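Trainee: I'm passing along target-v4.cif; it holds mmCIF, C-alpha atoms.
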```cif
data_model
loop_
_atom_site.label_atom_id
_atom_site.label_comp_id
_atom_site.auth_asym_id
_atom_site.auth_seq_id
_atom_site.Cartn_x
_atom_site.Cartn_y
_atom_site.Cartn_z
CA MET D 250 0.00 0.00 0.00
CA LYS D 251 2.82 2.40 0.89
CA GLY D 252 4.41 1.65 -2.48
CA LEU D 253 1.24 2.68 -4.28
CA LEU D 254 1.08 5.93 -2.33
CA LEU D 255 4.71 6.75 -3.12
CA THR D 256 4.30 6.10 -6.85
CA PRO D 257 2.77 9.53 -7.75
CA VAL D 258 5.43 11.30 -5.68
CA LEU D 259 8.24 9.42 -7.39
CA PHE D 260 6.67 10.15 -10.78
CA VAL D 261 6.58 13.91 -10.11
CA LEU D 262 10.16 13.89 -8.83
CA SER D 263 11.41 11.93 -11.83
CA ALA D 264 9.47 14.18 -14.22
CA GLY D 265 11.24 17.16 -12.71
CA LEU D 266 14.52 15.70 -13.95
CA ILE D 267 13.14 15.71 -17.51
CA PHE D 268 11.33 19.05 -17.66
CA SER D 269 10.47 22.00 -15.45
CA PHE D 270 7.56 24.40 -15.44
CA ASP D 271 6.65 27.66 -13.78
CA PHE D 272 3.57 29.87 -13.60
CA GLY D 273 2.52 33.20 -12.17
CA LEU D 274 0.21 36.20 -12.33
CA LEU D 275 0.95 39.82 -13.25
CA ALA D 276 -1.55 42.34 -11.87
CA ASP D 277 -1.48 45.85 -13.37
CA GLN D 278 -3.49 48.82 -12.13
CA LYS D 279 -3.44 52.00 -14.24
CA ILE D 280 -5.10 55.37 -13.70
CA GLU D 281 -5.16 57.94 -16.52
CA ALA D 282 -6.40 61.53 -16.55
CA GLU D 283 -6.86 63.73 -19.62
CA GLU D 284 -8.71 66.97 -20.25
CA LYS D 285 -12.20 65.38 -20.41
CA VAL D 286 -11.62 61.76 -19.45
CA PHE D 287 -10.63 59.96 -16.27
CA SER D 288 -10.10 56.20 -16.52
CA TYR D 289 -9.08 53.24 -14.39
CA THR D 290 -7.86 50.00 -16.02
CA PRO D 291 -7.13 46.83 -14.03
CA VAL D 292 -5.36 44.10 -15.99
CA LEU D 293 -4.64 40.50 -15.00
CA THR D 294 -2.03 38.52 -16.97
CA PRO D 295 -1.68 34.87 -15.97
CA TRP D 296 1.33 33.11 -17.50
CA PHE D 297 2.79 29.64 -17.73
CA SER D 298 6.23 28.45 -18.90
CA TRP D 299 7.65 24.98 -19.53
CA ASN D 300 11.17 23.83 -20.39
CA LYS D 301 12.26 20.43 -21.61
CA GLY D 302 16.01 20.17 -21.47
CA ARG D 303 18.15 22.33 -23.74
CA PHE D 304 15.99 22.11 -26.83
CA PHE D 305 12.30 22.83 -26.19
CA SER D 306 10.47 25.50 -24.21
CA PHE D 307 6.92 26.80 -24.13
CA TYR D 308 5.37 30.05 -22.88
CA PHE D 309 1.73 31.11 -22.61
CA SER D 310 0.09 34.27 -21.28
CA GLY D 311 -3.45 35.60 -21.32
CA ILE D 312 -4.62 39.18 -20.78
CA PHE D 313 -7.92 40.05 -19.07
CA SER D 314 -8.75 43.72 -18.62
CA PHE D 315 -11.55 46.13 -17.76
CA LYS D 316 -11.56 49.87 -18.47
CA TYR D 317 -13.67 52.18 -16.35
CA SER D 318 -14.06 55.68 -17.85
CA ASN D 319 -15.69 58.86 -16.62
CA TYR D 320 -16.35 61.60 -19.20
CA ASN D 321 -16.56 65.05 -17.65
CA ASP D 322 -18.86 66.55 -20.28
CA ASP D 323 -21.76 64.05 -20.29
CA GLY D 324 -22.52 63.78 -16.58
CA ASP D 325 -23.36 60.07 -16.80
CA GLY D 326 -20.69 58.97 -14.32
CA TRP D 327 -18.65 55.82 -14.77
CA ASN D 328 -19.33 53.48 -17.65
CA LYS D 329 -19.91 49.77 -17.11
CA PRO D 330 -17.14 47.96 -19.00
CA GLY D 331 -17.20 44.39 -20.15
CA LEU D 332 -14.37 41.92 -19.93
CA LEU D 333 -11.75 42.33 -22.66
CA PRO D 334 -9.86 39.07 -23.22
CA GLU D 335 -6.66 38.82 -25.25
CA LEU D 336 -4.18 36.10 -25.95
CA GLY D 337 -0.78 37.45 -24.97
CA ARG D 338 2.53 35.92 -25.95
CA PHE D 339 2.10 32.25 -26.86
CA ALA D 340 5.29 30.58 -28.09
CA LEU D 341 6.82 27.17 -28.64
CA ASN D 342 10.61 27.39 -28.96
CA TYR D 343 13.14 24.96 -30.31
CA ARG D 344 16.90 25.54 -30.08
CA SER D 345 19.51 23.40 -31.75
CA GLY D 346 22.66 24.66 -30.10
CA PRO D 347 23.50 28.37 -29.95
CA ARG D 348 23.18 28.94 -33.71
CA PHE D 349 19.61 27.91 -34.56
CA HIS D 350 16.32 29.04 -33.03
CA LEU D 351 12.77 28.23 -34.18
CA GLU D 352 9.78 29.96 -32.61
CA ALA D 353 6.08 29.44 -33.40
CA GLY D 354 2.86 30.88 -31.97
CA ARG D 355 1.96 34.46 -31.07
CA ILE D 356 5.42 35.97 -31.02
CA GLY D 357 7.04 39.39 -31.04
CA TYR D 358 8.43 40.97 -34.18
CA THR D 359 9.76 44.43 -35.08
CA ASP D 360 11.35 45.34 -38.40
CA ALA D 361 14.91 46.65 -38.47
CA LEU D 362 13.92 50.33 -38.43
CA GLY D 363 10.74 49.95 -36.39
CA PHE D 364 8.78 51.71 -39.15
CA ALA D 365 6.67 49.02 -40.80
CA ALA D 366 5.53 46.47 -38.22
CA SER D 367 5.83 46.05 -34.47
CA GLY D 368 4.07 43.93 -31.86
CA LEU D 369 2.82 40.38 -31.41
CA PHE D 370 1.86 38.41 -34.54
CA ASP D 371 0.71 34.84 -35.13
CA GLY D 372 3.20 32.81 -37.10
CA LEU D 373 6.62 31.25 -37.37
CA CYS D 374 10.12 32.73 -37.08
CA ILE D 375 13.55 31.17 -37.72
CA LYS D 376 16.85 32.67 -36.56
CA ALA D 377 20.22 31.24 -37.56
CA ASP D 378 23.83 32.34 -37.04
CA LEU D 379 26.06 31.76 -40.05
CA SER D 380 29.82 31.99 -40.19
CA ARG D 381 29.94 35.75 -40.90
CA SER D 382 26.33 36.89 -40.45
CA SER D 383 22.94 36.01 -38.96
CA ILE D 384 19.57 35.67 -40.65
CA THR D 385 15.97 36.00 -39.45
CA ALA D 386 13.01 34.83 -41.51
CA GLY D 387 9.34 34.66 -40.62
CA VAL D 388 5.74 34.57 -41.78
CA TRP D 389 2.88 36.01 -39.69
CA TYR D 390 -0.92 36.37 -39.88
CA THR D 391 -2.88 39.27 -38.32
CA GLY D 392 -6.51 38.15 -38.58
CA LEU D 393 -6.71 36.68 -35.05
CA LEU D 394 -5.28 39.70 -33.20
CA TYR D 395 -7.39 42.16 -31.22
CA LYS D 396 -7.86 45.16 -33.53
CA GLU D 397 -7.18 47.92 -30.97
CA THR D 398 -3.88 46.30 -30.00
CA ALA D 399 -2.77 45.50 -33.57
CA LYS D 400 -3.72 48.97 -34.95
CA ILE D 401 -3.73 47.91 -38.62
CA LEU D 402 -5.07 50.99 -40.46
CA MET D 403 -3.75 50.74 -44.02
CA THR D 404 -7.01 51.40 -45.91
CA ALA D 405 -10.39 53.08 -45.42
CA GLY D 406 -11.90 49.64 -44.81
CA ASP D 407 -9.37 48.99 -42.05
CA MET D 408 -10.25 52.29 -40.37
CA LYS D 409 -13.98 51.61 -40.58
CA SER D 410 -13.53 48.18 -39.03
CA TYR D 411 -11.33 49.64 -36.29
CA ALA D 412 -13.95 52.27 -35.38
CA GLU D 413 -16.86 49.83 -35.15
CA PRO D 414 -17.53 48.60 -31.59
CA TRP D 415 -17.66 44.90 -30.84
CA ASP D 416 -19.46 42.87 -28.23
CA TRP D 417 -19.93 39.23 -27.34
CA ASP D 418 -22.92 39.01 -29.69
CA ASN D 419 -20.82 40.33 -32.58
CA PHE D 420 -17.45 38.82 -31.78
CA SER D 421 -16.23 39.01 -35.40
CA GLY D 422 -15.79 42.75 -34.84
CA TYR D 423 -13.06 41.94 -32.30
CA PHE D 424 -10.43 40.92 -34.84
CA ALA D 425 -7.88 42.93 -36.82
CA PRO D 426 -7.93 42.98 -40.64
CA ARG D 427 -6.64 39.79 -42.27
CA ARG D 428 -3.15 40.33 -43.62
CA LEU D 429 -0.12 38.12 -44.21
CA LEU D 430 3.39 39.41 -43.50
CA ASN D 431 6.65 37.83 -44.68
CA ALA D 432 10.09 39.10 -43.66
CA PHE D 433 13.72 38.21 -44.21
CA ARG D 434 16.61 39.99 -42.45
CA ARG D 435 20.35 39.55 -42.69
CA GLU D 436 22.71 41.15 -40.18
CA THR D 437 26.39 41.40 -41.00
CA PRO D 438 29.18 42.77 -38.77
CA LEU D 439 31.22 45.68 -40.11
CA GLY D 440 34.54 45.35 -38.38
CA GLU D 441 34.62 44.63 -34.66
CA PHE D 442 31.99 47.02 -33.33
CA HIS D 443 29.68 48.01 -36.21
CA SER D 444 26.92 46.16 -38.08
CA LEU D 445 24.69 46.35 -41.15
CA SER D 446 21.12 45.01 -41.38
CA LEU D 447 19.28 44.42 -44.65
CA GLU D 448 15.61 43.45 -44.53
CA ALA D 449 12.86 42.73 -47.06
CA LEU D 450 9.18 42.56 -46.10
CA ALA D 451 6.06 41.70 -48.08
CA GLN D 452 2.51 42.33 -46.85
CA PHE D 453 -0.50 40.79 -48.57
CA ASP D 454 -4.08 42.03 -48.07
CA LEU D 455 -6.47 39.10 -47.44
CA THR D 456 -9.51 41.18 -46.42
CA GLY D 457 -11.24 41.05 -49.79
CA ASN D 458 -12.13 44.77 -49.55
CA ASP D 459 -12.42 46.77 -52.77
CA GLU D 460 -9.62 49.11 -51.69
CA GLY D 461 -7.29 46.23 -50.81
CA LEU D 462 -3.61 47.14 -50.61
CA HIS D 463 -0.46 45.01 -50.93
CA SER D 464 2.91 46.47 -49.94
CA GLN D 465 6.60 45.57 -50.00
CA TYR D 466 9.38 47.20 -47.98
CA GLY D 467 13.14 47.24 -48.33
CA GLU D 468 15.14 48.44 -45.32
CA LEU D 469 18.77 49.17 -44.50
CA LEU D 470 20.14 49.99 -41.05
CA ALA D 471 23.78 50.69 -40.20
CA GLU D 472 24.84 50.78 -36.53
CA PHE D 473 28.14 52.36 -35.52
CA PHE D 474 29.87 52.46 -32.11
CA PRO D 475 32.82 54.88 -32.48
CA SER D 476 33.68 54.51 -28.79
CA GLY D 477 34.44 50.81 -29.29
CA ALA D 478 33.73 48.20 -26.65
CA SER D 479 32.56 50.79 -24.10
CA GLY D 480 29.48 51.53 -26.21
CA THR D 481 29.16 55.03 -24.78
CA LEU D 482 28.43 56.50 -28.22
CA GLY D 483 26.08 54.88 -30.74
CA ILE D 484 24.97 56.08 -34.18
CA ASN D 485 22.16 54.52 -36.24
CA ILE D 486 21.46 55.48 -39.85
CA GLY D 487 18.76 53.78 -41.89
CA GLY D 488 16.54 54.05 -44.92
CA LEU D 489 13.35 52.46 -46.21
CA PHE D 490 11.62 52.14 -49.59
CA GLU D 491 8.02 50.95 -50.02
CA ILE D 492 6.03 49.86 -53.06
CA MET D 493 2.22 49.64 -52.81
CA GLU D 494 -0.23 47.95 -55.19
CA SER D 495 -3.97 48.56 -54.92
CA ARG D 496 -6.61 46.06 -55.98
CA GLU D 497 -7.46 48.35 -58.90
CA GLY D 498 -3.94 47.89 -60.24
CA THR D 499 -2.37 51.26 -59.40
CA CYS D 500 1.21 51.23 -58.10
CA THR D 501 2.77 53.91 -55.91
CA ALA D 502 5.95 54.29 -53.87
CA ALA D 503 7.05 55.80 -50.57
CA PHE D 504 10.29 56.10 -48.63
CA GLY D 505 11.59 57.02 -45.20
CA GLY D 506 14.74 57.62 -43.20
CA LEU D 507 16.09 57.32 -39.66
CA ALA D 508 19.02 58.93 -37.86
CA ARG D 509 19.70 58.35 -34.18
CA LEU D 510 22.54 59.37 -31.87
CA LYS D 511 22.91 58.05 -28.31
CA THR D 512 25.64 58.95 -25.86
CA ASP D 513 26.38 58.39 -22.19
CA ILE D 514 27.14 61.46 -20.11
CA PRO D 515 30.43 61.28 -18.19
CA GLY D 516 30.12 61.44 -14.43
CA ALA D 517 28.95 59.47 -11.43
CA LEU D 518 25.28 59.54 -12.50
CA ASN D 519 24.32 56.77 -14.91
CA ASP D 520 22.57 58.94 -17.53
CA GLY D 521 22.52 59.55 -21.26
CA LEU D 522 21.21 61.71 -24.09
CA SER D 523 19.68 60.77 -27.43
CA LEU D 524 18.66 62.56 -30.63
CA THR D 525 16.30 60.87 -33.09
CA ILE D 526 15.08 62.03 -36.51
CA LYS D 527 12.41 60.08 -38.41
CA PHE D 528 11.00 60.93 -41.81
CA THR D 529 8.52 59.34 -44.24
CA SER D 530 7.26 60.63 -47.58
CA GLY D 531 3.80 61.96 -48.32
CA GLN D 532 1.40 62.44 -51.22
CA TRP D 533 3.65 64.38 -53.59
CA ASN D 534 2.43 63.27 -57.03
CA ASP D 535 0.86 60.30 -58.81
CA ALA D 536 4.00 58.20 -58.26
CA TYR D 537 4.59 58.89 -54.53
CA ALA D 538 1.96 58.24 -51.89
CA VAL D 539 1.83 58.58 -48.11
CA PHE D 540 3.93 55.90 -46.41
CA LYS D 541 1.70 53.04 -45.18
CA PRO D 542 3.00 50.88 -42.31
CA LEU D 543 1.32 47.65 -41.26
CA SER D 544 1.29 48.78 -37.59
CA SER D 545 0.01 52.34 -37.11
CA SER D 546 1.55 53.24 -33.77
CA ALA D 547 1.16 56.76 -32.38
CA GLN D 548 4.45 58.67 -32.40
CA GLY D 549 3.71 60.71 -29.31
CA ALA D 550 2.32 60.20 -25.82
CA VAL D 551 -0.50 62.72 -26.45
CA PHE D 552 -0.03 63.44 -30.16
CA SER D 553 -1.92 60.63 -31.88
CA GLY D 554 -0.42 60.92 -35.37
CA THR D 555 1.29 57.89 -36.89
CA LEU D 556 4.46 57.73 -38.98
CA SER D 557 2.52 58.12 -42.25
CA GLY D 558 3.71 61.30 -43.98
CA LEU D 559 5.41 62.54 -40.82
CA ALA D 560 8.75 64.04 -39.81
CA LEU D 561 9.70 63.73 -36.15
CA VAL D 562 12.60 65.30 -34.26
CA SER D 563 13.05 64.02 -30.70
CA THR D 564 15.60 64.53 -27.95
CA GLY D 565 15.63 62.22 -24.93
CA TYR D 566 17.27 62.10 -21.53
CA THR D 567 17.51 58.98 -19.33
CA ALA D 568 18.97 58.78 -15.84
CA ARG D 569 19.32 55.97 -13.30
CA LEU D 570 18.81 58.17 -10.23
CA HIS D 571 19.03 55.21 -7.88
CA ARG D 572 19.31 51.45 -8.17
CA ALA D 573 15.51 51.29 -8.06
CA LEU D 574 14.62 54.65 -9.64
CA LEU D 575 14.65 55.38 -13.40
CA LEU D 576 13.85 58.74 -15.02
CA GLU D 577 13.04 59.04 -18.73
CA SER D 578 12.06 62.18 -20.63
CA ALA D 579 11.74 63.49 -24.18
CA LEU D 580 11.00 66.59 -26.22
CA ARG D 581 9.36 65.94 -29.60
CA TYR D 582 8.37 68.07 -32.57
CA PHE D 583 6.08 66.86 -35.37
CA LEU D 584 5.81 68.05 -38.98
CA ARG D 585 3.78 66.88 -41.96
CA THR D 586 5.86 66.03 -45.04
CA TYR D 587 3.27 66.83 -47.72
CA ASP D 588 0.90 69.64 -48.66
CA ASP D 589 -2.73 69.32 -47.60
CA PRO D 590 -5.02 71.88 -49.33
CA ALA D 591 -7.33 71.77 -46.30
CA THR D 592 -4.68 73.54 -44.20
CA GLU D 593 -3.43 75.93 -46.91
CA GLY D 594 0.17 74.80 -47.06
CA LYS D 595 0.79 74.58 -43.31
CA TYR D 596 3.06 71.78 -42.10
CA SER D 597 3.84 72.08 -38.37
CA TYR D 598 1.72 70.05 -35.94
CA GLY D 599 3.44 71.29 -32.78
CA GLY D 600 5.63 70.03 -29.95
CA GLU D 601 5.32 67.62 -27.04
CA VAL D 602 7.06 67.14 -23.71
CA TRP D 603 6.99 63.76 -21.91
CA ALA D 604 8.47 62.38 -18.70
CA SER D 605 8.27 59.09 -16.81
CA LEU D 606 9.50 58.05 -13.36
CA ALA D 607 9.65 54.34 -12.53
CA TRP D 608 10.36 53.01 -9.03
CA GLN D 609 11.05 49.28 -8.61
CA PRO D 610 12.25 48.51 -5.08
CA LEU D 611 11.57 44.78 -5.51
CA GLU D 612 11.70 42.48 -8.50
CA ASP D 613 7.94 41.86 -8.32
CA LEU D 614 6.81 45.44 -7.53
CA ARG D 615 6.91 48.44 -9.88
CA LEU D 616 5.31 51.89 -9.62
CA THR D 617 5.26 54.25 -12.63
CA LEU D 618 4.29 57.92 -12.89
CA GLU D 619 4.00 59.49 -16.33
CA GLY D 620 3.02 62.89 -17.69
CA ALA D 621 2.89 64.48 -21.13
CA ALA D 622 1.65 67.66 -22.77
CA PHE D 623 1.19 68.49 -26.46
CA PHE D 624 1.25 72.11 -27.65
CA PRO D 625 -0.51 72.59 -31.04
CA ALA D 626 0.10 76.34 -30.79
CA LEU D 627 3.81 75.67 -31.44
CA GLY D 628 2.71 74.61 -34.95
CA ASN D 629 0.32 76.01 -37.51
CA VAL D 630 -1.73 73.05 -38.79
CA TYR D 631 -4.35 72.92 -36.01
CA PRO D 632 -3.41 75.59 -33.43
CA ALA D 633 -5.37 74.99 -30.24
CA ASN D 634 -5.04 74.86 -26.47
CA PRO D 635 -2.49 72.48 -24.93
CA GLN D 636 -3.53 68.86 -24.48
CA TRP D 637 -2.24 66.86 -21.53
CA LYS D 638 -2.24 63.37 -20.03
CA LEU D 639 -1.24 62.05 -16.61
CA SER D 640 -1.05 58.42 -15.57
CA ALA D 641 0.00 56.26 -12.66
CA GLY D 642 0.55 52.52 -12.76
CA LEU D 643 1.22 49.77 -10.25
CA SER D 644 2.47 46.32 -11.31
CA LEU D 645 2.60 43.32 -8.97
CA THR D 646 3.95 39.88 -9.85
CA PHE D 647 2.78 36.80 -7.98
#
```
Take the structure from the file and write it as structure tokens.
Mentor:
Amino acid sequence: MKGLLLTPVLFVLSAGLIFSFDFGLLADQKIEAEEKVFSYTPVLTPWFSWNKGRFFSFYFSGIFSFKYSNYNDDGDGWNKPGLLPELGRFALNYRSGPRFHLEAGRIGYTDALGFAASGLFDGLCIKADLSRSSITAGVWYTGLLYKETAKILMTAGDMKSYAEPWDWDNFSGYFAPRRLLNAFRRETPLGEFHSLSLEALAQFDLTGNDEGLHSQYGELLAEFFPSGASGTLGINIGGLFEIMESREGTCTAAFGGLARLKTDIPGALNDGLSLTIKFTSGQWNDAYAVFKPLSSSAQGAVFSGTLSGLALVSTGYTARLHRALLLESALRYFLRTYDDPATEGKYSYGGEVWASLAWQPLEDLRLTLEGAAFFPALGNVYPANPQWKLSAGLSLTF
């Protein structure tokens, strides 16, 4: 009888020699205040990980959130939110030594410049180290992502779908537009401290909409570290070219550029400065159209414009004030890169200031305070009163 009782225990102990697993829960609480909106968003992210020796590993996370909002101008008080479920990162990994890595599931991807696509996508990615370079290749599908997280806004149909609310009775309105993304990147060292990345991407529209749009991107990014192994000075220079084909058969092009300088500041304080310039083309003639990324991420904390037809100049300052205290800040200025008759040849959107203070006294506890203000009056496109946003967040890991 004792032998039978010990059998499950021995099985668990022996299984631990073959594989190991872990699980936990991340609880986020976020409060945001804007000019006319006050919101509170609790988020629960359960996760599970599993490792089998040196070759296989698995990770799963789910995201469950509510958003309570109070609009100052309608007097209706707090809204009654429903549960918003999302599948977070979901990945099966296979490693064959240090030179080959295969990952499948809902996995993270960002193109070399960070212009075209960024976030979690469903698909497959292969990374391999060759003798004098490394390659990354992948294929991803967007049609199962939550639309407000994916932010795929390439066509008028995409924007209409994004704006339509969804509920449990109309769950099809939850998903992002159906698109297929393929990418291939090769990274080659230039000497001992520098590198060159070349990447090709192809995006195919599977929505079936009349204004369907296919696009291809070619990217180049050169990274230089003149200070050598210390890495105190870094310079990034990159360029992008895009070709777009509509379902009607028209073909247009767009291009963009990136320049970034980062440097550490000498002294006892662990701090640094950065300068970033981004640029994408606009609607200049029948051959050149506004740059269309797959992921339409806002380029400011308050300013909601995306990288389409935008020039951005940003300076940043980061300081590790204490082992557990990190300060980040930035000044940004936004300009349109094409003429819009509606604004009579005006190009300047305005400037923004942003700052964030993060305190993490323990590994499983983090408090963040963030503030930003956008000043349209510093531009001439839509001069208006300043717009601001304040937020506070608390993250606990169990």
Trainee: So which residues touch D:Arg355 within 8 Å, counting all atoms listed in the file, skipping near sequence neighbours fewer than 2 positions away, as an mmCIF file with C-alpha atoms, in the frame of the given file?
Mentor:
```cif
data_model
loop_
_atom_site.group_PDB
_atom_site.id
_atom_site.type_symbol
_atom_site.label_atom_id
_atom_site.label_comp_id
_atom_site.auth_asym_id
_atom_site.auth_seq_id
_atom_site.Cartn_x
_atom_site.Cartn_y
_atom_site.Cartn_z
ATOM 1 C CA GLY D 337 -0.780 37.450 -24.970
ATOM 2 C CA ARG D 338 2.530 35.920 -25.950
ATOM 3 C CA PHE D 339 2.100 32.250 -26.860
ATOM 4 C CA ALA D 340 5.290 30.580 -28.090
ATOM 5 C CA ALA D 353 6.080 29.440 -33.400
ATOM 6 C CA GLY D 357 7.040 39.390 -31.040
ATOM 7 C CA LEU D 369 2.820 40.380 -31.410
ATOM 8 C CA PHE D 370 1.860 38.410 -34.540
ATOM 9 C CA ASP D 371 0.710 34.840 -35.130
ATOM 10 C CA GLY D 372 3.200 32.810 -37.100
#
```
Trainee: Would you kindly identify which residues have an atom no farther than 10 Å from (22.6, 42.1, -46.8), using all atoms listed in the file and the file's own coordinates, and write them out as a list in words?
Mentor: Ser382, Ser383, Ile384, Arg434, Arg435, Glu436, Thr437, Leu445, Ser446, Leu447, Glu448, Ala449, Glu468 and Leu469 of chain D
Trainee: Those residues you just picked out, can you put them in a file as a short mmCIF file (atom, residue, chain, number, x, y, z; two decimals), keeping the file's coordinate frame with C-alpha atoms?
Mentor:
```
data_model
loop_
_atom_site.label_atom_id
_atom_site.label_comp_id
_atom_site.auth_asym_id
_atom_site.auth_seq_id
_atom_site.Cartn_x
_atom_site.Cartn_y
_atom_site.Cartn_z
CA SER D 382 26.33 36.89 -40.45
CA SER D 383 22.94 36.01 -38.96
CA ILE D 384 19.57 35.67 -40.65
CA ARG D 434 16.61 39.99 -42.45
CA ARG D 435 20.35 39.55 -42.69
CA GLU D 436 22.71 41.15 -40.18
CA THR D 437 26.39 41.40 -41.00
CA LEU D 445 24.69 46.35 -41.15
CA SER D 446 21.12 45.01 -41.38
CA LEU D 447 19.28 44.42 -44.65
CA GLU D 448 15.61 43.45 -44.53
CA ALA D 449 12.86 42.73 -47.06
CA GLU D 468 15.14 48.44 -45.32
CA LEU D 469 18.77 49.17 -44.50
#
```
Trainee: Work out how far atom CA of D:Ser557 is from atom CA of D:Leu507, in Å to one decimal.
Mentor: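 Straight-line distance from atom CA of D:Leu507 to atom CA of D:Ser557 works out to 13.8 Å.
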Trainee: What does the PyMOL selection byres ((chain D and resi 415) around 12) select in this file, as number ranges by chain?
Mentor: D: 331-333, 395-397, 410-414, 416-425
Trainee: Excluding D:Leu543 and its own-chain neighbours fewer than 5 positions away, which residues fall within 12 Å of it when counting only C-alpha atoms? Please give them as a VMD selection string.
Mentor: chain D and resid 359 to 360 363 to 368 370 389 to 391 399 to 404 407 425 to 431 450 to 454 462 to 466 491 493 555 to 557
Trainee: Atom CA of D:Tyr587 to atom CA of D:Met408: how many Å, to one decimal?
Mentor: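 Interatomic distance, atom CA of D:Tyr587 to atom CA of D:Met408: 21.2 Å.
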Trainee: So, counting only C-alpha atoms, which residue among D:Asn629, D:Ser553, D:Ser605, D:Thr646 is closest to D:Ala276?
Mentor: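 Going through D:Asn629, D:Ser553, D:Ser605, D:Thr646 one by one, the smallest distance to D:Ala276 is for D:Thr646.
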Trainee: Counting only C-alpha atoms, which residue out of D:Val562, D:Leu570, D:Ile356, D:Ala622 sits closest to D:Glu283?
Mentor: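 When distances to D:Glu283 are compared using only C-alpha atoms, the smallest one comes from D:Ala622.
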Trainee: Identify all residues satisfying the PyMOL selection byres ((chain D and resi 564) around 7) in the given file; provide them as an NGL selection string.
Mentor: :D and (523-525 or 563 or 565 or 579-581)
Trainee: Which of these residues is nearest to D:Asp378, using all atoms listed in the file: D:Gly346, D:Phe304, D:Pro590, D:Lys595?
Mentor: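 That would be D:Gly346, the residue with the smallest distance to D:Asp378.
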Trainee: I'd like the interatomic distance between atom CA of D:Gly594 and atom CA of D:Asn634, to a tenth of an Å.
Mentor: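 Calculated distance between atom CA of D:Gly594 and atom CA of D:Asn634 is 21.2 Å.
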Trainee: On this structure, the PyMOL selection byres ((chain D and resi 612) around 12) would catch which residues? List them as an NGL selection string, sorted by chain and number.
Mentor: :D and (572-573 or 608-611 or 613-616 or 644-647)
Trainee: Would you mind exporting C-alpha atoms of the selected residues as a PDB file, in the coordinates of the input?
Mentor:
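That gives us part-v3.pdb:
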```pdb
ATOM      1  CA  ARG D 572      19.310  51.450  -8.170  1.00  0.00           C
ATOM      2  CA  ALA D 573      15.510  51.290  -8.060  1.00  0.00           C
ATOM      3  CA  TRP D 608      10.360  53.010  -9.030  1.00  0.00           C
ATOM      4  CA  GLN D 609      11.050  49.280  -8.610  1.00  0.00           C
ATOM      5  CA  PRO D 610      12.250  48.510  -5.080  1.00  0.00           C
ATOM      6  CA  LEU D 611      11.570  44.780  -5.510  1.00  0.00           C
ATOM      7  CA  ASP D 613       7.940  41.860  -8.320  1.00  0.00           C
ATOM      8  CA  LEU D 614       6.810  45.440  -7.530  1.00  0.00           C
ATOM      9  CA  ARG D 615       6.910  48.440  -9.880  1.00  0.00           C
ATOM     10  CA  LEU D 616       5.310  51.890  -9.620  1.00  0.00           C
ATOM     11  CA  SER D 644       2.470  46.320 -11.310  1.00  0.00           C
ATOM     12  CA  LEU D 645       2.600  43.320  -8.970  1.00  0.00           C
ATOM     13  CA  THR D 646       3.950  39.880  -9.850  1.00  0.00           C
ATOM     14  CA  PHE D 647       2.780  36.800  -7.980  1.00  0.00           C
TER      15      PHE D 647
END
```
Trainee: Considering only C-alpha atoms, can you say which of D:Lys527, D:Lys511, D:Arg569, D:Lys376 comes closest to D:Tyr582?
Mentor: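 Under the stated criterion, the closest residue is D:Lys527.
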Trainee: Could you tell me, as a list of chain:residue names, which residues have any atom at most 12 Å from (-1.8, 34.6, -15.4), counting all atoms listed in the file?
Mentor: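 Those residues lying close to the given coordinates are D:Asp271, D:Phe272, D:Gly273, D:Leu274, D:Leu275, D:Ala276, D:Asp277, D:Val292, D:Leu293, D:Thr294, D:Pro295, D:Trp296, D:Phe297, D:Ser298, D:Tyr308, D:Phe309, D:Ser310, D:Gly311, D:Ile312, D:Phe313, D:Ser314, D:Glu335, D:Leu336, D:Gly337, D:Arg338, D:Leu645, D:Thr646, D:Phe647.
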